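This report concerns only the one structure given below.
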Amino acid sequence: MTSSKTGADRPQPRPGILDIAAYDPGRTTATGGGRFYKLAANESPLGASPAAIAAFKVSAQGLEIYPDSSAPQLRDAIGAAHGILPSRIVCGAGSDELLNLIAHTYLSPGDEAVHSEYGFLVYAIAIRAAGGVPVVAPEKNYTAYVDAILDRISAKTRIVYLANPNNPTGTYLPFSEIRRLHAGLPPRVLLVLDAAYAEYVRRNDYESGIELVGQTQNVVMTRTFSKIHGLASLRIGWLYGPAHVVDALNRIRGPFNVSTAAINAGIAALDDHAHVEASVAHNEEWLPRVTKGIEAIGLEVTPSVGNFVLIHFPKSGSHTAARAEPFLLEHGIVLRGIAGYGLGDSLRMTIGSAEANEAAIAALKAFMIGGA
């Protein structure tokens, strides 16, 4: 039997699904063949808490048992750590799952959801997957621009996704601007504050969103254990929101969506304050050092409050980002190409270990001196 060129003889995805560009997580290895430093995924250079690792190992003794369906012990631990009600927390397989759940819960086909120009790529994917229409709000100086977001609110808008701090730019909005944004939104629009990098921010005018969620009926905040806690492989995210939002999300959330190992490791990680403080201190030391080191080479760096920096290369000539990436790979340095964000002239670099940071700066210097 010959196959049909139209595909009519096989199941077809819902219209719009094949128009979605799959998320590109970036490279995981270098090409030089020797030792390499992966600085492409904003992973913690300190790794996971020893207590979390021990809790993970203990979990192996009950692999045949389903986890608690709604992760109540983990929600209790999160609630205690942040002073919020566990009943208003939803846990997920990374915050990515929660961002998708929000879209599937609140978007009908044709509804619109707004995100900033260089916002996390998962937003547009989640919106399209739910049948919605992504609406892009231009940024100013690689920073979300409240007026541009408000200008794009229409009768069809149901969600606004905002990463604060933002990935991949590392910029943030002071909370006065977040409140101004919220004040300008219709009550029917859900404001989603993605605070995956909140623990790294050291600015007096920053808030993650907990207080605003507690005061409103149309704001949720998402967080992750992947960054500051170093538990990326276990995929643990959580959401804090109004009771009615939590109820709606739980109606479509998959049962047992967070594993027992993740629950146990997450609880232990929350209790290891020294490990978190060490991670913050490392980033506080190396974020400015890396920034200054790269700027000394002659490259521009967008000021960042996260655990990564956005490096801008010349748009033409022999020192472009497109030429830099393979050069760095050959020298054992894996940075994140972000052309998918519309930032083809830039690379993103995670703040890594002291050795990794110094190696990356040295490789960038060699590239700028010699070129590809």
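Ligands are numbered from 1 in the order shown, chains are lettered A, B, ... in the order of the structure tokens, and residues start at 1 in each chain.
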Original post:
Among segment 175-361 of chain A, which residues carry a DSSP assignment of alpha helix (DSSP H), reported as a count of residues only?
Top reply: 80
Subject >> Residues within 8 Å of segment 232-249 of chain A, only C-alpha atoms, excluding chain neighbours under 3 positions, as a PyMOL selection string >> reply: chain A and resi 43+87-98+101-102+105+210+213-214+216-227+252-253+258+261-263+266
For Gly119 of chain A, find every residue with an atom within 9 Å (counting only C-alpha atoms), except residues of its own chain fewer than 2 positions away, and show them as a tab-separated table (two decimals) with C-alpha atoms, in the first residue's frame.
chain	number	residue	atom	x	y	z
A	115	HIS	CA	4.36	37.77	26.96
A	116	SER	CA	7.36	40.06	26.63
A	117	GLU	CA	9.59	40.07	23.56
A	121	LEU	CA	10.17	30.33	25.10
A	122	VAL	CA	7.89	27.94	26.99
A	123	TYR	CA	5.23	30.67	27.22
A	124	ALA	CA	4.55	30.78	23.48
A	136	VAL	CA	4.37	39.74	21.95
A	144	ALA	CA	9.92	43.94	30.01
A	161	TYR	CA	3.09	35.69	31.39
A	162	LEU	CA	5.97	37.64	32.90
A	163	ALA	CA	9.32	36.25	34.02
A	166	ASN	CA	13.69	37.28	32.94
A	167	ASN	CA	15.45	34.45	31.17
A	168	PRO	CA	17.52	34.85	28.96
A	169	THR	CA	18.20	38.55	29.56
A	341	TYR	CA	14.65	34.17	21.15
Write out as a short mmCIF file (atom, residue, chain, number, x, y, z; two decimals) with N, CA, C and O atoms, in the first residue's frame each polymer residue whose atoms come within 9 Å of segment 349-353 of chain A, counting only C-alpha atoms; drop sequence neighbours fewer than 4 positions from it.
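The file below, result_14.cif, is the result:
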data_model
loop_
_atom_site.label_atom_id
_atom_site.label_comp_id
_atom_site.auth_asym_id
_atom_site.auth_seq_id
_atom_site.Cartn_x
_atom_site.Cartn_y
_atom_site.Cartn_z
N TYR A 37 33.18 22.53 30.03
CA TYR A 37 32.39 23.20 31.06
C TYR A 37 31.05 23.58 30.45
O TYR A 37 30.98 24.39 29.53
N LYS A 38 30.00 22.98 30.96
CA LYS A 38 28.66 23.27 30.47
C LYS A 38 28.10 24.47 31.23
O LYS A 38 27.78 24.38 32.41
N LEU A 39 27.99 25.59 30.52
CA LEU A 39 27.48 26.83 31.10
C LEU A 39 26.31 27.32 30.26
O LEU A 39 26.17 28.52 29.99
N ALA A 40 25.45 26.39 29.88
CA ALA A 40 24.38 26.70 28.95
C ALA A 40 22.99 26.58 29.54
O ALA A 40 22.02 27.02 28.92
N ALA A 41 22.84 25.99 30.71
CA ALA A 41 21.50 25.65 31.20
C ALA A 41 21.16 26.28 32.56
O ALA A 41 20.17 25.90 33.17
N ASN A 42 21.97 27.22 33.03
CA ASN A 42 21.72 27.90 34.31
C ASN A 42 21.60 26.92 35.48
O ASN A 42 20.78 27.10 36.39
N GLU A 43 22.41 25.88 35.42
CA GLU A 43 22.44 24.90 36.50
C GLU A 43 23.35 25.37 37.63
O GLU A 43 24.27 26.15 37.41
N SER A 44 23.09 24.88 38.83
CA SER A 44 23.84 25.33 40.00
C SER A 44 25.26 24.75 39.97
O SER A 44 25.44 23.54 39.88
N PRO A 45 26.29 25.60 40.09
CA PRO A 45 27.66 25.08 40.14
C PRO A 45 27.97 24.36 41.44
O PRO A 45 28.94 23.60 41.51
N LEU A 46 27.14 24.57 42.47
CA LEU A 46 27.37 23.90 43.75
C LEU A 46 26.63 22.57 43.84
O LEU A 46 26.81 21.82 44.81
N HIS A 282 28.06 32.49 46.30
CA HIS A 282 28.89 32.20 45.13
C HIS A 282 28.46 33.07 43.96
O HIS A 282 29.30 33.64 43.24
N ASN A 283 27.16 33.18 43.76
CA ASN A 283 26.67 33.98 42.64
C ASN A 283 26.95 35.46 42.85
O ASN A 283 27.31 36.18 41.91
N TRP A 286 30.62 35.93 41.89
CA TRP A 286 31.04 35.69 40.52
C TRP A 286 30.24 36.41 39.45
O TRP A 286 30.75 36.65 38.36
N LEU A 287 29.01 36.77 39.73
CA LEU A 287 28.23 37.51 38.73
C LEU A 287 28.93 38.81 38.33
O LEU A 287 29.14 39.06 37.13
N VAL A 290 32.41 37.96 36.53
CA VAL A 290 32.25 37.49 35.15
C VAL A 290 31.85 38.65 34.25
O VAL A 290 32.38 38.81 33.14
N GLY A 306 20.30 37.53 37.78
CA GLY A 306 20.13 36.09 37.91
C GLY A 306 21.46 35.38 38.09
O GLY A 306 22.44 35.97 38.55
N ASN A 307 21.50 34.12 37.71
CA ASN A 307 22.75 33.35 37.79
C ASN A 307 23.31 33.11 36.39
O ASN A 307 23.89 32.06 36.11
N PHE A 308 23.19 34.09 35.54
CA PHE A 308 23.65 34.00 34.15
C PHE A 308 23.81 35.41 33.60
O PHE A 308 23.29 36.38 34.18
N VAL A 309 24.51 35.51 32.48
CA VAL A 309 24.68 36.80 31.81
C VAL A 309 24.39 36.64 30.33
O VAL A 309 24.63 35.58 29.74
N LEU A 310 23.88 37.70 29.72
CA LEU A 310 23.63 37.75 28.29
C LEU A 310 24.76 38.54 27.65
O LEU A 310 24.94 39.72 27.96
N ILE A 311 25.51 37.88 26.77
CA ILE A 311 26.69 38.47 26.14
C ILE A 311 26.36 38.85 24.71
O ILE A 311 25.88 38.02 23.93
N VAL A 334 30.72 25.40 26.77
CA VAL A 334 29.37 25.27 26.21
C VAL A 334 28.51 26.41 26.72
O VAL A 334 28.11 26.44 27.89
N LEU A 335 28.25 27.38 25.85
CA LEU A 335 27.33 28.47 26.17
C LEU A 335 26.02 28.23 25.43
O LEU A 335 25.90 27.33 24.61
N ARG A 336 25.03 29.05 25.70
CA ARG A 336 23.69 28.85 25.14
C ARG A 336 23.45 29.79 23.98
O ARG A 336 23.40 31.02 24.15
N ASN A 357 34.23 29.53 35.17
CA ASN A 357 34.11 30.95 34.82
C ASN A 357 35.41 31.48 34.23
O ASN A 357 35.41 32.20 33.22
N GLU A 358 36.51 31.15 34.86
CA GLU A 358 37.80 31.63 34.38
C GLU A 358 38.14 31.03 33.02
O GLU A 358 38.69 31.72 32.14
N ALA A 360 35.99 30.11 30.75
CA ALA A 360 35.11 30.73 29.76
C ALA A 360 35.62 32.11 29.37
O ALA A 360 35.64 32.46 28.18
#
DSSP-assigned strand (DSSP E or B) members of segment 66-136 of chain A, reported as a short mmCIF file (atom, residue, chain, number, x, y, z; two decimals) with N, CA and C atoms, in the first residue's frame:
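Saved result, selection_28.cif, follows:
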data_model
loop_
_atom_site.label_atom_id
_atom_site.label_comp_id
_atom_site.auth_asym_id
_atom_site.auth_seq_id
_atom_site.Cartn_x
_atom_site.Cartn_y
_atom_site.Cartn_z
N ILE A 89 -1.05 26.04 47.24
CA ILE A 89 0.15 25.66 46.48
C ILE A 89 -0.16 24.47 45.59
N VAL A 90 0.33 24.51 44.37
CA VAL A 90 0.26 23.37 43.46
C VAL A 90 1.69 23.01 43.08
N CYS A 91 2.05 21.74 43.20
CA CYS A 91 3.37 21.29 42.81
C CYS A 91 3.31 20.63 41.43
N GLY A 92 4.40 20.72 40.70
CA GLY A 92 4.42 20.16 39.36
C GLY A 92 5.77 19.61 38.99
N GLU A 112 -6.19 35.12 23.64
CA GLU A 112 -4.84 35.65 23.56
C GLU A 112 -4.15 35.62 24.92
N ALA A 113 -2.83 35.46 24.87
CA ALA A 113 -1.99 35.57 26.07
C ALA A 113 -0.77 36.39 25.70
N VAL A 114 -0.41 37.32 26.55
CA VAL A 114 0.67 38.26 26.26
C VAL A 114 1.94 37.82 26.98
N HIS A 115 3.06 37.95 26.30
CA HIS A 115 4.36 37.77 26.96
C HIS A 115 5.33 38.78 26.38
N SER A 116 6.41 39.06 27.09
CA SER A 116 7.36 40.06 26.63
C SER A 116 8.23 39.49 25.51
N VAL A 133 -3.44 32.32 21.21
CA VAL A 133 -2.64 33.16 20.31
C VAL A 133 -1.64 33.94 21.14
N PRO A 134 -0.33 33.72 20.95
CA PRO A 134 0.67 34.50 21.68
C PRO A 134 0.72 35.94 21.14
N VAL A 135 0.74 36.89 22.03
CA VAL A 135 0.87 38.30 21.65
C VAL A 135 2.15 38.82 22.29
N VAL A 136 3.04 39.34 21.47
CA VAL A 136 4.37 39.74 21.95
C VAL A 136 4.40 41.23 22.25
#
Original post:
Using only C-alpha atoms, which residue out of A:Thr171, A:Asn204, A:Asn264, A:Ser176 lies closest to Leu231 of chain A?
Top reply: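 Ranked by minimum distance to Leu231 of chain A, first place goes to A:Asn264.
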